[in-house]
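Chemist: Just passing along the structure, written as structure tokens.
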Amino acid sequence: MTTATKRTLEDRLRDIEDRLEIYNLIASHPPSADTGADYVARAMYLEDGEMDLAGGKGAKGNEAIAAIVKKPGHTKAIEQGLAHFAGLPYIAIDGDTAVVTSYLQILAPHPTADPIEVPDHGASPGFRVHRVGANRWELVRTPQGWKIKRRTLRPLDGSEPARQILRRALEAYEPKP
Amino acid sequence: MTTATKRTLEDRLRDIEDRLEIYNLIASHPPSADTGADYVARAMYLEDGEMDLAGGKGAKGNEAIAAIVKKPGHTKAIEQGLAHFAGLPYIAIDGDTAVVTSYLQILAPHPTADPIEVPDHGASPGFRVHRVGANRWELVRTPQGWKIKRRTLRPLDGSEPARQILRRALEAYEPKP
Amino acid sequence: MTTATKRTLEDRLRDIEDRLEIYNLIASHPPSADTGADYVARAMYLEDGEMDLAGGKGAKGNEAIAAIVKKPGHTKAIEQGLAHFAGLPYIAIDGDTAVVTSYLQILAPHPTADPIEVPDHGASPGFRVHRVGANRWELVRTPQGWKIKRRTLRPLDGSEPARQILRRALEAYEPKP
């Protein structure tokens, strides 16, 4: 670990604190989406940050991104039951930039299923996994902490773009030519 | 980062070790619930700790909380197949107390679905997401490590209490008046 | 915390960096499985590493393990839509070895369901949770970082082997006789 020993204590601590701050950043996305907390997106994204969703959807600028969770349709989804569910993210930090690759489920109560009883866990119609996607979060360090420069989300439905996101997380493993 | 530079090395290391210990605490909940390991709840909760579930359910005291996973109904659920699945938690530490906000899925094998084949992954009737909920874990530091003072769980079915839990995780982002 | 104070700063930093490296190792598994990135398994496993799946399936040696994600059946599953989804893992490090216990969902697009509309989230046939399993990852420290000596995966379908994996994660909580 020659590299590690050459790094100062401060370097190592900063790397560690960066990682933990970034875990919390990613973990704060689902609560903000599921409560319509536009102030979170406004604070998490750079002023000129971008959210790039499939089908040409998304928004540019933290104000426009924040406005998404205040749309009537989004509010209705929240009222019907909405859960963004984040898996364990992969984090790669390079100085003042970082890339996070993460999986996300979007769940909603099952609109038609009959309630099913699980012993000691009551009866429930259950939830359906509406979507599963791969996220690429491009982050930059700012005086106010790590912020999102660009988030790209693509559905894991067999199409290529989601796989491109996932493959880019694995670059460190690629065999050197 | 004036705040950071004023903090001693020991402060910073302790914060980091706290965070990692708390991740493991949250990660040990699903295995304990899915195996009926009452000794885990007994060790994780304060003696006068509380578990506050929806519908007035729950328990007070680590012994009563531990007893829940030994109830015949819970044992039956385990025998039929039960998986508590924890997402990436949001952690906020303030000295000797901490609050963790996390998503939880409760899954069970689908009781009626016909097996479906996924290439190279065999045939399976699949699992259903019985419930999705938001957890608020209020923790305190003790000489024996971080322990749970109160856990509150509410279903993400569109009702308000789950959103209240999620919003409280986002207080740090709220615009200052 | 007598134990902690006896440990050197370097010991503590190494423990922390180990934990964060291991989180990333676990987080890189789903992207590799869902893209057929055989070079990741080749790099993550020891040369004589083992993957032990239910029903006597699995493979021995990093080359054989890497070959699994290149099988025609696996490629077909990826083309139809495949998502390995990792929950928050429990990590126990002991010097130069570590054990990680983690939950894993395997999701695939629902082959028959009609699309359902969620407001502001479009219409989707949804995904089904094909399998939920418990993983035990036995790791060793090498000059090239943490590597997998043995991974054991068992389905959480009510059968005993998955519970054995989960219980072993909880050994630190077991009451001393």
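Ligands are numbered from 1 in the order shown, residues from 1 within each chain, and chains are lettered A, B, ... in the order they appear in the structure tokens.
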May I ask you to extract the residues of chain B within 8 Å of chain C, using only C-alpha atoms, and to give them as a ChimeraX atom specification?

Modeler: /B:16-17,20,23-24,27-28,31-32,34-35,37,39-40,43,78-83,85-88,108-109,118-121,124-128,143

Chemist: Could you save those same residues with C-alpha atoms as a compact mmCIF listing (two decimals), in the first residue's frame?

Modeler:
# COMPACT_ATOMS: atom_id res chain seq x y z
CA ILE B 16 -16.38 8.32 11.91
CA GLU B 17 -16.30 5.27 14.16
CA LEU B 20 -19.70 2.91 11.05
CA TYR B 23 -24.44 1.30 10.07
CA ASN B 24 -23.73 -2.11 11.57
CA ALA B 27 -27.72 -3.81 9.40
CA SER B 28 -28.08 -6.28 12.25
CA PRO B 31 -30.98 -10.79 10.40
CA SER B 32 -32.34 -10.70 13.96
CA ASP B 34 -35.66 -13.01 10.20
CA THR B 35 -34.16 -15.59 12.57
CA ALA B 37 -32.85 -13.81 17.54
CA TYR B 39 -30.92 -11.72 22.19
CA VAL B 40 -30.14 -9.11 19.53
CA ALA B 43 -28.79 -6.08 23.48
CA ILE B 78 -40.12 -17.06 9.48
CA GLU B 79 -40.90 -20.67 8.56
CA GLN B 80 -42.92 -19.53 5.54
CA GLY B 81 -40.09 -17.23 4.41
CA LEU B 82 -39.54 -13.72 5.72
CA ALA B 83 -37.04 -11.08 4.65
CA PHE B 85 -34.64 -5.65 3.64
CA ALA B 86 -32.90 -2.42 4.71
CA GLY B 87 -32.03 0.42 2.35
CA LEU B 88 -29.19 2.92 2.77
CA ALA B 108 -42.45 -12.92 1.80
CA PRO B 109 -42.66 -15.67 -0.83
CA VAL B 118 -35.60 -16.25 -15.54
CA PRO B 119 -32.80 -17.56 -17.80
CA ASP B 120 -29.87 -18.91 -15.77
CA HIS B 121 -31.73 -17.95 -12.56
CA SER B 124 -39.42 -19.13 -8.81
CA PRO B 125 -42.90 -18.06 -7.69
CA GLY B 126 -41.15 -14.89 -6.60
CA PHE B 127 -41.52 -12.75 -3.53
CA ARG B 128 -44.02 -10.05 -2.75
CA PRO B 143 -20.55 2.45 27.67

Chemist: Ranking A:Ala33, A:Ala123, A:Ile65, A:Ala98 by minimum distance to Glu138 in chain A and counting only C-alpha atoms, which one comes first?

Modeler: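 Smallest distance to Glu138 in chain A is found for A:Ala98.
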
Chemist: When DSSP is applied to the backbone of this structure, which of chain C are assigned strand (DSSP E or B)? Write them out as an MDAnalysis selection string.

Modeler: chainID C and resid 45:53 58:60 83:86 90:94 97:109 116:117 123:124 127:142 145:155

Chemist: Calculate how many Å separate CA of Arg150 in chain A from CA of Lys60 in chain A, rounding to one decimal.

Modeler: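 So the two atoms, CA of Arg150 in chain A and CA of Lys60 in chain A, lie 9.1 Å apart.
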
Chemist: Between CA of Glu47 in chain C and CA of Gly61 in chain C, what distance in Å does the model show, to one decimal?

Modeler: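 Taking CA of Glu47 in chain C as the start and CA of Gly61 in chain C as the end point, the length is 5.3 Å.
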
Chemist: Find the distance between CA of Thr152 in chain C and CA of Pro115 in chain B and write it in Å to one decimal.

Modeler: 23.6 Å

Chemist: Can you list every residue in range 26-124 of chain C that DSSP puts in alpha helix (DSSP H), as a PyMOL selection string?

Modeler: chain C and resi 26-27+29-35+38-44+62-68+72-80

Chemist: Put those residues in a file: C-alpha atoms, as a PDB file, in the first residue's frame.

Modeler:
ATOM      1  CA  ILE C  26     -20.063  -5.452  -2.053  1.00  0.00           C
ATOM      2  CA  ALA C  27     -21.550  -2.547  -4.033  1.00  0.00           C
ATOM      3  CA  HIS C  29     -21.196  -6.989  -7.302  1.00  0.00           C
ATOM      4  CA  PRO C  30     -24.637  -6.000  -8.651  1.00  0.00           C
ATOM      5  CA  PRO C  31     -23.242  -3.867 -11.506  1.00  0.00           C
ATOM      6  CA  SER C  32     -20.919  -6.710 -12.514  1.00  0.00           C
ATOM      7  CA  ALA C  33     -23.681  -9.322 -12.467  1.00  0.00           C
ATOM      8  CA  ASP C  34     -26.100  -7.100 -14.385  1.00  0.00           C
ATOM      9  CA  THR C  35     -23.628  -6.251 -17.162  1.00  0.00           C
ATOM     10  CA  ASP C  38     -16.485 -11.137 -15.948  1.00  0.00           C
ATOM     11  CA  TYR C  39     -13.323  -9.117 -15.242  1.00  0.00           C
ATOM     12  CA  VAL C  40     -14.844  -7.919 -11.977  1.00  0.00           C
ATOM     13  CA  ALA C  41     -15.406 -11.416 -10.584  1.00  0.00           C
ATOM     14  CA  ARG C  42     -11.933 -12.377 -11.792  1.00  0.00           C
ATOM     15  CA  ALA C  43     -10.430  -9.476  -9.814  1.00  0.00           C
ATOM     16  CA  MET C  44     -12.704  -9.755  -6.752  1.00  0.00           C
ATOM     17  CA  ASN C  62     -11.988 -17.066 -10.029  1.00  0.00           C
ATOM     18  CA  GLU C  63     -11.885 -18.053 -13.718  1.00  0.00           C
ATOM     19  CA  ALA C  64     -14.822 -20.420 -13.389  1.00  0.00           C
ATOM     20  CA  ILE C  65     -16.748 -17.892 -11.300  1.00  0.00           C
ATOM     21  CA  ALA C  66     -16.072 -15.153 -13.845  1.00  0.00           C
ATOM     22  CA  ALA C  67     -17.332 -17.408 -16.641  1.00  0.00           C
ATOM     23  CA  ILE C  68     -20.811 -17.633 -15.063  1.00  0.00           C
ATOM     24  CA  PRO C  72     -25.709 -17.585 -22.848  1.00  0.00           C
ATOM     25  CA  GLY C  73     -28.506 -17.939 -20.264  1.00  0.00           C
ATOM     26  CA  HIS C  74     -27.085 -15.152 -18.132  1.00  0.00           C
ATOM     27  CA  THR C  75     -26.662 -12.928 -21.191  1.00  0.00           C
ATOM     28  CA  LYS C  76     -30.291 -13.577 -22.094  1.00  0.00           C
ATOM     29  CA  ALA C  77     -31.425 -12.671 -18.572  1.00  0.00           C
ATOM     30  CA  ILE C  78     -29.501  -9.390 -18.842  1.00  0.00           C
ATOM     31  CA  GLU C  79     -31.116  -8.624 -22.201  1.00  0.00           C
ATOM     32  CA  GLN C  80     -34.576  -9.212 -20.711  1.00  0.00           C
TER      33      GLN C  80
END

Chemist: When you count only C-alpha atoms, which of these residues is closest to Asp11 in chain A: A:Lys149, A:Lys70, A:Gly55, A:Gly95?

Modeler: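 Looking only at the distances to Asp11 in chain A, the closest residue turns out to be A:Gly95.
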
Chemist: Excluding Met51 in chain B and its own-chain neighbours fewer than 3 positions away, which residues fall within 6 Å of it when counting only C-alpha atoms? Please give them as a compact mmCIF listing (two decimals) with all heavy atoms, in the first residue's frame.

Modeler:
# COMPACT_ATOMS: atom_id res chain seq x y z
N GLY B 58 -46.52 -2.33 19.19
CA GLY B 58 -45.15 -2.08 19.61
C GLY B 58 -44.95 -2.64 21.00
O GLY B 58 -45.71 -3.51 21.46
N ALA B 59 -43.92 -2.16 21.68
CA ALA B 59 -43.62 -2.69 23.02
C ALA B 59 -42.71 -1.71 23.74
O ALA B 59 -42.02 -0.92 23.11
CB ALA B 59 -42.96 -4.06 22.91
N ARG B 150 -35.56 4.54 21.04
CA ARG B 150 -36.91 4.47 20.47
C ARG B 150 -36.81 4.22 18.97
O ARG B 150 -36.05 4.90 18.27
CB ARG B 150 -37.65 5.78 20.72
CG ARG B 150 -39.08 5.77 20.25
CD ARG B 150 -39.75 7.13 20.45
NE ARG B 150 -41.18 7.02 20.26
CZ ARG B 150 -42.05 6.73 21.21
NH1 ARG B 150 -41.64 6.55 22.45
NH2 ARG B 150 -43.34 6.61 20.92
N ARG B 151 -37.58 3.25 18.51
CA ARG B 151 -37.72 3.02 17.09
C ARG B 151 -39.17 3.25 16.71
O ARG B 151 -40.08 2.69 17.34
CB ARG B 151 -37.33 1.59 16.72
CG ARG B 151 -37.60 1.25 15.27
CD ARG B 151 -37.47 -0.22 14.97
NE ARG B 151 -37.93 -0.52 13.62
CZ ARG B 151 -38.32 -1.72 13.21
NH1 ARG B 151 -38.29 -2.76 14.04
NH2 ARG B 151 -38.74 -1.90 11.98
